[in-house]
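Dumped entry.cif below, it's mmCIF, C-alpha atoms and all ligand atoms:
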```cif
data_my_file
#
loop_
_atom_site.label_atom_id
_atom_site.label_comp_id
_atom_site.auth_asym_id
_atom_site.auth_seq_id
_atom_site.Cartn_x
_atom_site.Cartn_y
_atom_site.Cartn_z
CA MET A 1 -65.90 83.51 -22.65
CA GLU A 2 -62.18 83.22 -22.02
CA LEU A 3 -60.29 82.96 -25.29
CA LEU A 4 -56.67 83.40 -24.25
CA ARG A 5 -54.83 82.58 -21.05
CA VAL A 6 -51.14 83.24 -20.49
CA GLN A 7 -49.70 81.51 -17.45
CA ASN A 8 -46.39 82.34 -15.84
CA LEU A 9 -44.63 83.07 -19.11
CA LYS A 10 -40.87 83.41 -18.80
CA LYS A 11 -38.30 84.19 -21.45
CA GLY A 12 -34.64 85.08 -21.19
CA PHE A 13 -31.87 85.76 -23.67
CA GLY A 14 -28.56 84.47 -22.37
CA SER A 15 -28.27 85.67 -18.80
CA THR A 16 -30.92 88.39 -19.22
CA ASP A 17 -34.39 87.58 -17.90
CA VAL A 18 -36.79 89.50 -20.11
CA LEU A 19 -40.19 88.07 -19.16
CA LYS A 20 -40.33 87.09 -15.51
CA GLY A 21 -43.63 85.29 -15.14
CA VAL A 22 -46.37 87.03 -17.10
CA CYS A 23 -50.00 86.00 -16.40
CA PHE A 24 -53.19 87.38 -17.90
CA SER A 25 -56.31 86.28 -19.67
CA LEU A 26 -58.49 87.78 -22.35
CA GLU A 27 -62.10 87.20 -23.31
CA ARG A 28 -63.27 86.86 -26.88
CA GLY A 29 -63.88 90.30 -28.40
CA GLN A 30 -61.86 92.15 -25.77
CA VAL A 31 -59.06 94.57 -26.52
CA LEU A 32 -55.98 94.52 -24.32
CA ALA A 33 -53.64 97.51 -24.44
CA ILE A 34 -50.09 97.02 -23.20
CA ILE A 35 -48.12 100.08 -22.20
CA GLY A 36 -44.64 100.35 -20.73
CA SER A 37 -41.18 101.79 -21.20
CA SER A 38 -38.82 100.68 -23.90
CA GLY A 39 -37.06 97.48 -22.89
CA SER A 40 -39.79 96.27 -20.54
CA GLY A 41 -40.46 93.13 -22.64
CA LYS A 42 -43.56 94.08 -24.63
CA THR A 43 -42.24 92.98 -28.02
CA THR A 44 -40.82 89.78 -26.52
CA LEU A 45 -44.26 88.99 -25.08
CA LEU A 46 -45.93 89.46 -28.48
CA ARG A 47 -43.22 87.39 -30.17
CA CYS A 48 -43.77 84.57 -27.66
CA LEU A 49 -47.53 84.73 -28.26
CA ASN A 50 -46.90 84.46 -32.01
CA PHE A 51 -44.36 81.67 -31.51
CA LEU A 52 -41.60 83.67 -33.15
CA GLU A 53 -39.87 82.99 -29.84
CA THR A 54 -40.46 79.97 -27.66
CA ALA A 55 -41.01 80.82 -24.01
CA ASP A 56 -38.65 79.14 -21.54
CA GLU A 57 -41.43 78.45 -19.05
CA GLY A 58 -45.14 78.90 -18.72
CA GLU A 59 -48.12 78.14 -20.90
CA ILE A 60 -50.29 79.76 -23.51
CA LEU A 61 -53.86 78.46 -23.72
CA VAL A 62 -56.37 79.22 -26.44
CA ASN A 63 -59.96 78.17 -25.77
CA GLY A 64 -58.74 76.24 -22.74
CA GLN A 65 -56.21 74.18 -24.72
CA VAL A 66 -52.52 74.38 -23.87
CA LEU A 67 -50.51 75.11 -27.01
CA ARG A 68 -47.69 72.59 -27.16
CA THR A 69 -44.31 73.52 -28.59
CA VAL A 70 -42.49 70.19 -28.82
CA THR A 71 -42.50 69.79 -32.59
CA GLU A 72 -42.14 72.27 -35.46
CA ALA A 73 -45.55 71.17 -36.73
CA GLN A 74 -47.14 72.09 -33.39
CA ILE A 75 -45.46 75.49 -33.45
CA ARG A 76 -46.62 76.17 -37.02
CA LYS A 77 -50.16 75.24 -36.01
CA ASN A 78 -50.01 77.40 -32.87
CA ARG A 79 -49.06 80.42 -34.98
CA LEU A 80 -52.39 80.26 -36.77
CA HIS A 81 -54.20 81.40 -33.62
CA PHE A 82 -52.40 84.75 -33.72
CA GLY A 83 -51.79 87.50 -36.24
CA LEU A 84 -49.03 90.07 -35.76
CA VAL A 85 -48.68 93.59 -37.08
CA PHE A 86 -45.12 94.83 -36.72
CA GLN A 87 -43.90 98.29 -35.90
CA ASN A 88 -42.19 98.67 -39.30
CA PHE A 89 -44.93 97.08 -41.43
CA ASN A 90 -42.56 94.40 -42.83
CA LEU A 91 -44.43 94.07 -46.11
CA PHE A 92 -42.82 92.01 -48.85
CA PRO A 93 -41.47 94.78 -51.14
CA GLN A 94 -41.64 92.67 -54.30
CA TYR A 95 -45.36 91.98 -53.94
CA THR A 96 -48.40 94.19 -54.44
CA ALA A 97 -50.77 95.02 -51.59
CA LEU A 98 -53.13 92.24 -52.67
CA GLU A 99 -50.30 89.73 -53.10
CA ASN A 100 -49.03 90.57 -49.60
CA VAL A 101 -52.46 89.75 -48.23
CA THR A 102 -53.06 86.59 -50.27
CA LEU A 103 -49.58 85.08 -50.00
CA ALA A 104 -50.07 83.06 -46.79
CA PRO A 105 -53.51 81.63 -47.62
CA THR A 106 -52.20 80.77 -51.10
CA MET A 107 -49.12 78.97 -49.74
CA LEU A 108 -51.29 77.08 -47.25
CA LYS A 109 -53.87 76.31 -49.97
CA ARG A 110 -56.58 77.60 -47.68
CA ASP A 111 -59.13 77.92 -50.45
CA ALA A 112 -59.57 78.09 -54.21
CA PRO A 113 -57.45 80.90 -55.76
CA GLU A 114 -60.52 82.95 -56.70
CA ALA A 115 -61.91 82.73 -53.16
CA ILE A 116 -58.55 83.75 -51.69
CA ARG A 117 -58.42 86.71 -54.05
CA ALA A 118 -61.98 87.75 -53.16
CA ARG A 119 -61.20 87.55 -49.47
CA GLY A 120 -57.97 89.57 -49.98
CA LEU A 121 -59.94 92.27 -51.79
CA ALA A 122 -62.54 92.30 -49.00
CA LEU A 123 -59.82 92.70 -46.36
CA LEU A 124 -58.18 95.55 -48.27
CA ASP A 125 -61.61 97.16 -48.54
CA LYS A 126 -62.03 96.81 -44.79
CA VAL A 127 -58.86 98.81 -44.20
CA GLY A 128 -59.89 101.42 -46.78
CA LEU A 129 -57.47 100.43 -49.54
CA SER A 130 -59.69 99.18 -52.36
CA HIS A 131 -58.03 101.72 -54.63
CA LYS A 132 -54.50 100.45 -53.88
CA VAL A 133 -54.77 96.69 -54.36
CA ASN A 134 -52.19 96.64 -57.16
CA ALA A 135 -49.78 99.12 -55.60
CA TYR A 136 -46.36 98.03 -54.36
CA PRO A 137 -45.24 98.97 -50.85
CA TYR A 138 -42.91 101.72 -52.15
CA GLN A 139 -45.93 103.36 -53.81
CA LEU A 140 -47.80 103.56 -50.50
CA SER A 141 -47.53 105.93 -47.55
CA GLY A 142 -46.49 104.52 -44.18
CA GLY A 143 -50.09 104.59 -42.98
CA GLN A 144 -51.26 102.76 -46.09
CA GLN A 145 -48.48 100.17 -45.73
CA GLN A 146 -49.48 99.57 -42.13
CA ARG A 147 -53.10 99.13 -43.19
CA VAL A 148 -52.00 96.50 -45.75
CA ALA A 149 -50.06 94.82 -42.93
CA ILE A 150 -53.24 94.73 -40.85
CA ALA A 151 -55.18 93.14 -43.73
CA ARG A 152 -52.35 90.63 -44.16
CA ALA A 153 -52.37 89.76 -40.47
CA MET A 154 -56.08 88.97 -40.77
CA ALA A 155 -55.75 86.83 -43.89
CA LEU A 156 -55.62 83.52 -42.02
CA ASP A 157 -58.45 84.47 -39.66
CA PRO A 158 -56.43 84.54 -36.44
CA GLU A 159 -58.34 84.45 -33.18
CA VAL A 160 -56.15 87.14 -31.64
CA LEU A 161 -54.70 90.07 -33.59
CA CYS A 162 -51.56 91.52 -32.05
CA PHE A 163 -50.11 94.96 -32.80
CA ASP A 164 -46.61 95.99 -31.80
CA GLU A 165 -46.59 99.79 -31.62
CA PRO A 166 -48.41 99.99 -34.95
CA THR A 167 -48.09 103.76 -35.26
CA SER A 168 -44.70 104.50 -33.76
CA ALA A 169 -42.91 104.43 -37.13
CA LEU A 170 -45.45 106.83 -38.66
CA ASP A 171 -45.49 110.58 -39.02
CA PRO A 172 -48.06 112.03 -36.61
CA GLU A 173 -50.48 112.93 -39.41
CA LEU A 174 -50.65 109.26 -40.48
CA THR A 175 -51.33 107.68 -37.09
CA GLY A 176 -55.04 108.56 -37.13
CA GLU A 177 -55.90 106.42 -40.17
CA VAL A 178 -54.26 103.36 -38.62
CA LEU A 179 -55.83 103.87 -35.18
CA ARG A 180 -59.24 104.31 -36.86
CA VAL A 181 -58.85 100.94 -38.59
CA ILE A 182 -57.91 99.25 -35.29
CA ARG A 183 -60.90 100.85 -33.62
CA SER A 184 -63.19 99.60 -36.38
CA LEU A 185 -61.85 96.07 -35.90
CA LYS A 186 -62.90 96.22 -32.27
CA THR A 187 -66.39 97.20 -33.36
CA GLY A 188 -66.27 94.17 -35.66
CA GLY A 189 -65.71 91.93 -32.63
CA ASN A 190 -62.02 91.11 -33.12
CA THR A 191 -59.96 90.12 -30.09
CA MET A 192 -56.82 92.25 -30.02
CA ILE A 193 -53.65 92.94 -28.09
CA VAL A 194 -52.20 96.36 -28.84
CA VAL A 195 -48.82 97.49 -27.58
CA THR A 196 -48.94 101.25 -27.84
CA HIS A 197 -47.60 104.58 -26.68
CA GLU A 198 -50.85 106.27 -27.71
CA MET A 199 -52.31 106.69 -24.26
CA GLU A 200 -55.54 108.40 -25.35
CA PHE A 201 -56.14 105.61 -27.85
CA ALA A 202 -55.44 102.92 -25.24
CA LYS A 203 -57.78 104.63 -22.83
CA SER A 204 -60.63 104.84 -25.29
CA VAL A 205 -60.35 101.50 -27.10
CA ALA A 206 -59.11 99.01 -24.48
CA ASP A 207 -61.18 96.85 -22.18
CA VAL A 208 -58.10 95.90 -20.19
CA VAL A 209 -54.80 97.75 -19.79
CA ILE A 210 -51.52 96.22 -18.69
CA TYR A 211 -48.57 98.31 -17.61
CA MET A 212 -45.37 96.30 -18.03
CA SER A 213 -42.19 97.15 -16.25
CA ASP A 214 -38.97 95.18 -16.32
CA GLY A 215 -40.55 91.94 -17.51
CA VAL A 216 -43.47 91.85 -15.11
CA ILE A 217 -47.04 93.08 -15.17
CA GLU A 218 -46.78 95.95 -12.72
CA GLU A 219 -50.43 96.89 -13.05
CA MET A 220 -53.51 95.51 -14.81
CA GLY A 221 -57.06 96.80 -14.81
CA THR A 222 -59.69 98.72 -16.71
CA PRO A 223 -58.50 101.90 -18.46
CA GLU A 224 -60.13 103.92 -15.68
CA GLU A 225 -58.29 101.97 -12.99
CA VAL A 226 -54.88 102.10 -14.67
CA PHE A 227 -54.99 105.63 -16.08
CA ASP A 228 -57.11 107.46 -13.52
CA CYS A 229 -56.14 105.81 -10.23
CA PRO A 230 -53.05 103.65 -10.66
CA ARG A 231 -52.11 101.73 -7.54
CA SER A 232 -48.42 101.35 -8.27
CA HIS A 233 -46.02 104.26 -7.91
CA LYS A 234 -44.13 102.92 -10.95
CA THR A 235 -47.29 103.22 -13.07
CA ARG A 236 -47.87 106.74 -11.79
CA ALA A 237 -44.30 107.74 -12.64
CA PHE A 238 -44.57 106.19 -16.11
CA LEU A 239 -47.87 107.95 -16.86
CA ARG A 240 -46.50 111.29 -15.64
CA GLY A 241 -43.54 110.86 -18.01
CA ALA A 242 -45.80 109.85 -20.90
CA GLN A 243 -47.79 113.06 -20.52
CA GLU A 244 -44.79 115.33 -20.62
CA PRO A 245 -44.38 117.15 -23.91
CA PHE A 246 -41.23 116.28 -25.86
N1 LIG A 301 -33.23 88.43 -29.47
C1 LIG A 301 -32.78 89.05 -28.36
N2 LIG A 301 -31.56 88.77 -27.87
C2 LIG A 301 -31.10 89.38 -26.75
N3 LIG A 301 -31.80 90.27 -26.04
C3 LIG A 301 -33.02 90.60 -26.48
C4 LIG A 301 -33.57 90.01 -27.67
N4 LIG A 301 -34.83 90.51 -27.85
C5 LIG A 301 -35.02 91.39 -26.84
N5 LIG A 301 -33.94 91.44 -26.02
C6 LIG A 301 -33.82 92.26 -24.82
O1 LIG A 301 -34.99 92.09 -24.05
C7 LIG A 301 -35.37 93.30 -23.42
C8 LIG A 301 -36.81 93.60 -23.74
O2 LIG A 301 -36.91 93.90 -25.11
P1 LIG A 301 -38.28 94.12 -25.84
O3 LIG A 301 -39.15 92.93 -25.63
O4 LIG A 301 -37.98 94.49 -27.24
O5 LIG A 301 -38.89 95.35 -25.01
P2 LIG A 301 -39.95 96.47 -25.46
O6 LIG A 301 -40.67 95.97 -26.66
O7 LIG A 301 -40.82 96.64 -24.26
O8 LIG A 301 -39.15 97.69 -25.75
C9 LIG A 301 -34.38 94.35 -23.87
O9 LIG A 301 -33.43 94.51 -22.87
C10 LIG A 301 -33.78 93.75 -25.12
O10 LIG A 301 -32.48 94.20 -25.31
MG MG A 302 -40.95 96.81 -28.51
#
```
Take the structure I supplied and represent it as structure tokens, if you would.
Amino acid sequence: MELLRVQNLKKGFGSTDVLKGVCFSLERGQVLAIIGSSGSGKTTLLRCLNFLETADEGEILVNGQVLRTVTEAQIRKNRLHFGLVFQNFNLFPQYTALENVTLAPTMLKRDAPEAIRARGLALLDKVGLSHKVNAYPYQLSGGQQQRVAIARAMALDPEVLCFDEPTSALDPELTGEVLRVIRSLKTGGNTMIVVTHEMEFAKSVADVVIYMSDGVIEEMGTPEEVFDCPRSHKTRAFLRGAQEPF
């Protein structure tokens, strides 16, 4: 069943057109991987989906409903459909891991405090951090911080979890633990959009892959289609570059 549809999304900053008419759809439980060079508009797309930016044109539909952006109240409500995990974790440094996870549901009075706490503990358990619930961000490794950020992004039960290069700020030895958590969330049936440079991960976890170039979807297909027999010469050139050792 189609959960998300993005129609002709456009976004510019000043005279720069960043998204030039992006269209795709995603079924419930599917994982979409987005790959592409720096500057191609991947972060802007995720920020539009999370209503941190308002698109200039186009529509975002969840469960067939167009998400309206006329009032602040509509925008706040729209945000609840999506969770976002940032490249640099962005945890609140003054709060513990558990407080980071429970802050939003507490502010929104989603449930009784004890129920919110229990759910926060369950989410931290899910990302393998039961032993760190009272730790502050500075006491955690980058991989652990990112796993707290994943638990936090899930705290309001978003329908689509978005990841913006979740491992690119991590030392190589810490990427595995984060990618394992994302993989386990797919097994748990979560619908996800993952912007990533980890090609092997994208290939193995995604149902759909999009290659973005200069604000447009240059290529979209199954991992086999995009990685093994790309139609576009731009995709081929990008993938060749991505395979080159640094
Ligand atoms: N707030 C902004 N103001 C002006 N330009 C921006 C802003 N955000 C992004 N851009 C520009 O949009 C383009 C795409 O950026 P971004 O979405 O971050 O790409 P990616 O995530 O693929 O690297 C870049 O040229 C960037 O400089
Ligand atoms: Mg980016």
Surrounding residues as a PyMOL selection string, ligand LIG 301 (chain A), max 8 Å, only C-alpha atoms and all ligand atoms: chain A and resi 12-14+16-19+36-45+164+212+214-215
Option closest in space to A:Ala122, from A:Ile210, A:Ala104, A:Ala97, A:Ala151 [counting only C-alpha atoms]: A:Ala151
Nearest candidate to ligand MG 302 (chain A) (options A:Arg79, A:His131, A:Arg110, A:His197; using all atoms listed in the file): A:His197
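Across A:Leu49, A:Leu185, A:Val178, A:Met199, the tightest approach to A:Asn78 is made by A:Leu49 when counting only C-alpha atoms.
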Among the residues A:Leu46, A:Ala149, A:Val6, A:Ile217, the one that comes closest to ligand MG 302 (chain A) [using all atoms listed in the file]: A:Leu46
Selection: 10 Å around A:Leu239, only C-alpha atoms, excl. self and same-chain fewer than 2 positions, as a ChimeraX atom specification: /A:35-36,199,211,226-228,230,233-237,241-244
